[in-house]
>>> print(open('model_28.tsv').read())   # TSV, C-alpha atoms
chain	number	residue	atom	x	y	z
A	1	MET	CA	79.64	-149.50	-14.88
A	2	THR	CA	77.09	-151.99	-13.59
A	3	ASN	CA	77.38	-153.96	-10.36
A	4	THR	CA	75.11	-156.79	-11.51
A	5	TYR	CA	78.06	-159.13	-11.98
A	6	SER	CA	81.00	-160.30	-9.92
A	7	ILE	CA	84.31	-161.82	-10.99
A	8	GLU	CA	82.79	-165.21	-10.13
A	9	ASN	CA	80.40	-164.84	-13.08
A	10	LEU	CA	83.34	-165.05	-15.51
A	11	SER	CA	84.77	-168.40	-16.61
A	12	PRO	CA	86.99	-169.93	-13.90
A	13	HIS	CA	89.78	-170.75	-16.35
A	14	LEU	CA	90.42	-167.04	-16.99
A	15	PHE	CA	91.80	-166.30	-13.54
A	16	TRP	CA	93.32	-169.57	-12.38
A	17	ASP	CA	96.60	-167.78	-11.73
A	18	VAL	CA	95.37	-164.97	-9.48
A	19	ASP	CA	93.45	-164.51	-6.25
A	20	LYS	CA	90.01	-163.56	-7.57
A	21	SER	CA	88.96	-162.26	-4.16
A	22	LYS	CA	91.38	-159.35	-4.67
A	23	MET	CA	89.95	-158.46	-8.08
A	24	SER	CA	87.11	-156.12	-8.96
A	25	PHE	CA	85.65	-154.95	-12.23
A	26	GLU	CA	86.84	-151.43	-11.47
A	27	ASN	CA	90.38	-152.08	-10.21
A	28	SER	CA	91.22	-154.96	-12.55
A	29	LYS	CA	89.64	-153.59	-15.73
A	30	VAL	CA	92.63	-154.01	-18.05
A	31	GLN	CA	93.41	-157.53	-16.84
A	32	ILE	CA	89.78	-158.64	-17.11
A	33	ILE	CA	89.27	-157.23	-20.59
A	34	TYR	CA	92.54	-158.74	-21.83
A	35	LYS	CA	91.84	-162.20	-20.40
A	36	VAL	CA	88.29	-162.28	-21.74
A	37	LEU	CA	89.36	-161.19	-25.21
A	38	GLU	CA	92.21	-163.65	-25.43
A	39	PHE	CA	90.81	-166.68	-23.58
A	40	GLY	CA	87.15	-166.06	-22.75
A	41	LEU	CA	83.91	-167.59	-23.90
A	42	MET	CA	81.07	-165.76	-25.60
A	43	SER	CA	79.31	-165.56	-22.22
A	44	ASP	CA	82.37	-163.74	-20.81
A	45	TRP	CA	82.34	-161.32	-23.75
A	46	LYS	CA	78.68	-160.51	-23.10
A	47	ILE	CA	79.43	-159.79	-19.44
A	48	ILE	CA	82.28	-157.37	-20.13
A	49	GLN	CA	80.19	-155.63	-22.78
A	50	GLU	CA	77.48	-155.06	-20.21
A	51	VAL	CA	79.85	-154.11	-17.40
A	52	TYR	CA	82.21	-151.81	-19.33
A	53	GLY	CA	80.48	-150.91	-22.59
A	54	LEU	CA	82.13	-150.94	-26.00
A	55	GLU	CA	83.72	-147.51	-25.61
A	56	THR	CA	85.69	-148.53	-22.51
A	57	ILE	CA	86.67	-151.85	-24.10
A	58	LYS	CA	87.91	-149.92	-27.15
A	59	GLU	CA	89.94	-147.49	-25.02
A	60	VAL	CA	91.57	-150.34	-23.09
A	61	THR	CA	92.33	-152.51	-26.12
A	62	LEU	CA	93.93	-149.67	-28.04
A	63	GLU	CA	96.54	-149.47	-25.27
A	64	LEU	CA	97.21	-153.19	-24.68
A	65	ARG	CA	100.81	-154.25	-25.25
A	66	GLN	CA	99.89	-157.66	-26.64
A	67	LEU	CA	96.99	-159.28	-28.50
A	68	ASP	CA	96.90	-162.30	-30.76
A	69	VAL	CA	96.32	-161.62	-34.45
A	70	VAL	CA	92.76	-163.03	-34.46
A	71	THR	CA	91.71	-160.84	-31.53
A	72	LEU	CA	93.34	-157.82	-33.16
A	73	ALA	CA	91.46	-158.47	-36.41
A	74	PHE	CA	88.17	-158.86	-34.50
A	75	LEU	CA	88.66	-155.61	-32.57
A	76	SER	CA	89.85	-153.72	-35.63
A	77	ASN	CA	86.70	-154.76	-37.47
A	78	LEU	CA	84.35	-154.25	-34.51
A	79	PHE	CA	85.55	-150.72	-33.84
A	80	SER	CA	86.32	-149.83	-37.49
A	81	ILE	CA	89.86	-148.88	-36.52
A	82	ASP	CA	92.91	-149.77	-38.59
A	83	LYS	CA	95.02	-152.35	-36.77
A	84	THR	CA	98.06	-150.08	-37.00
A	85	LYS	CA	96.38	-147.76	-34.47
A	86	PHE	CA	96.58	-150.39	-31.74
A	87	ARG	CA	99.58	-150.10	-29.42
A	88	CYS	CA	100.32	-153.82	-29.64
A	89	TYR	CA	100.67	-153.56	-33.41
A	90	LYS	CA	103.13	-150.69	-33.10
A	91	LEU	CA	105.18	-152.55	-30.49
A	92	ASN	CA	105.19	-155.95	-32.18
A	93	SER	CA	104.74	-155.31	-35.88
A	94	ASN	CA	107.36	-157.93	-36.78
A	95	SER	CA	105.72	-160.73	-34.83
A	96	PHE	CA	103.35	-163.17	-36.50
A	97	TYR	CA	101.77	-164.55	-33.33
A	98	ASN	CA	101.19	-161.30	-31.49
A	99	CYS	CA	99.98	-158.20	-33.21
>>> encode(input="model_28.tsv", output="structure tokens")
Amino acid sequence: MTNTYSIENLSPHLFWDVDKSKMSFENSKVQIIYKVLEFGLMSDWKIIQEVYGLETIKEVTLELRQLDVVTLAFLSNLFSIDKTKFRCYKLNSNSFYNC
């Protein structure tokens, strides 16, 4: 994990609801990856790719409880993993708006 970036480098709208001074890329990994995937800009995506790497992003996203269908399709394609392997799909398979 690289220390080149801080939480302040990510889009301000992602963390409007939390105290960013208490967050770090290490301790808030799941929250950061989720927020960037669901609500982030391409610049945010590039930062988390550099900070975490695709393998860590894959490991985290496979265990997320909720993702929208577009994000799920993107991740399924990016990682060449069937969407049914994602935890959110297993938990919410009857929902149209969340995988």
>>> closest_residue(input="model_28.tsv", among="A:Asp68, A:Asp19, A:Glu63, A:Glu26", to="Ile48 (chain A)", atoms="all atoms listed in the file")
A:Glu26
>>> atom_distance(input="model_28.tsv", atom1="CA of Leu67 (chain A)", atom2="CA of Tyr34 (chain A)")
8.0 Å
>>> closest_atom_pairs(input="model_28.tsv", of="region 42-82 of chain A", to="region 6-10 of chain A", cutoff="12 Å", atoms="only C-alpha atoms", output="CSV")
residue,atom,partner,partner_atom,distance
A:Met42,CA,A:Leu10,CA,10.4
A:Ser43,CA,A:Leu10,CA,7.8
A:Asp44,CA,A:Leu10,CA,5.5
A:Trp45,CA,A:Leu10,CA,9.1
A:Lys46,CA,A:Leu10,CA,10.0
A:Ile47,CA,A:Leu10,CA,7.6
A:Ile48,CA,A:Leu10,CA,9.0
A:Val51,CA,A:Ser6,CA,9.8
>>> write_last_selection(input="model_28.tsv", atoms="C-alpha atoms", output="CSV table (one decimal), in the coordinates of the input")
chain,number,residue,atom,x,y,z
A,42,MET,CA,81.1,-165.8,-25.6
A,43,SER,CA,79.3,-165.6,-22.2
A,44,ASP,CA,82.4,-163.7,-20.8
A,45,TRP,CA,82.3,-161.3,-23.8
A,46,LYS,CA,78.7,-160.5,-23.1
A,47,ILE,CA,79.4,-159.8,-19.4
A,48,ILE,CA,82.3,-157.4,-20.1
A,51,VAL,CA,79.8,-154.1,-17.4
>>> closest_residue(input="model_28.tsv", among="A:Leu91, A:Gln66, A:Ser28, A:Ile57", to="Phe79 (chain A)", atoms="all atoms listed in the file")
A:Ile57
>>> atom_distance(input="model_28.tsv", atom1="CA of Leu72 (chain A)", atom2="CA of Val18 (chain A)")
24.8 Å
>>> residues_around(input="model_28.tsv", residues="Thr61 (chain A)", least_positions_apart="6", cutoff="12 Å", atoms="all atoms listed in the file", output="PyMOL selection string")
chain A and resi 29-38+54-55+67-68+71-76+78-79+81+83+85-89+99
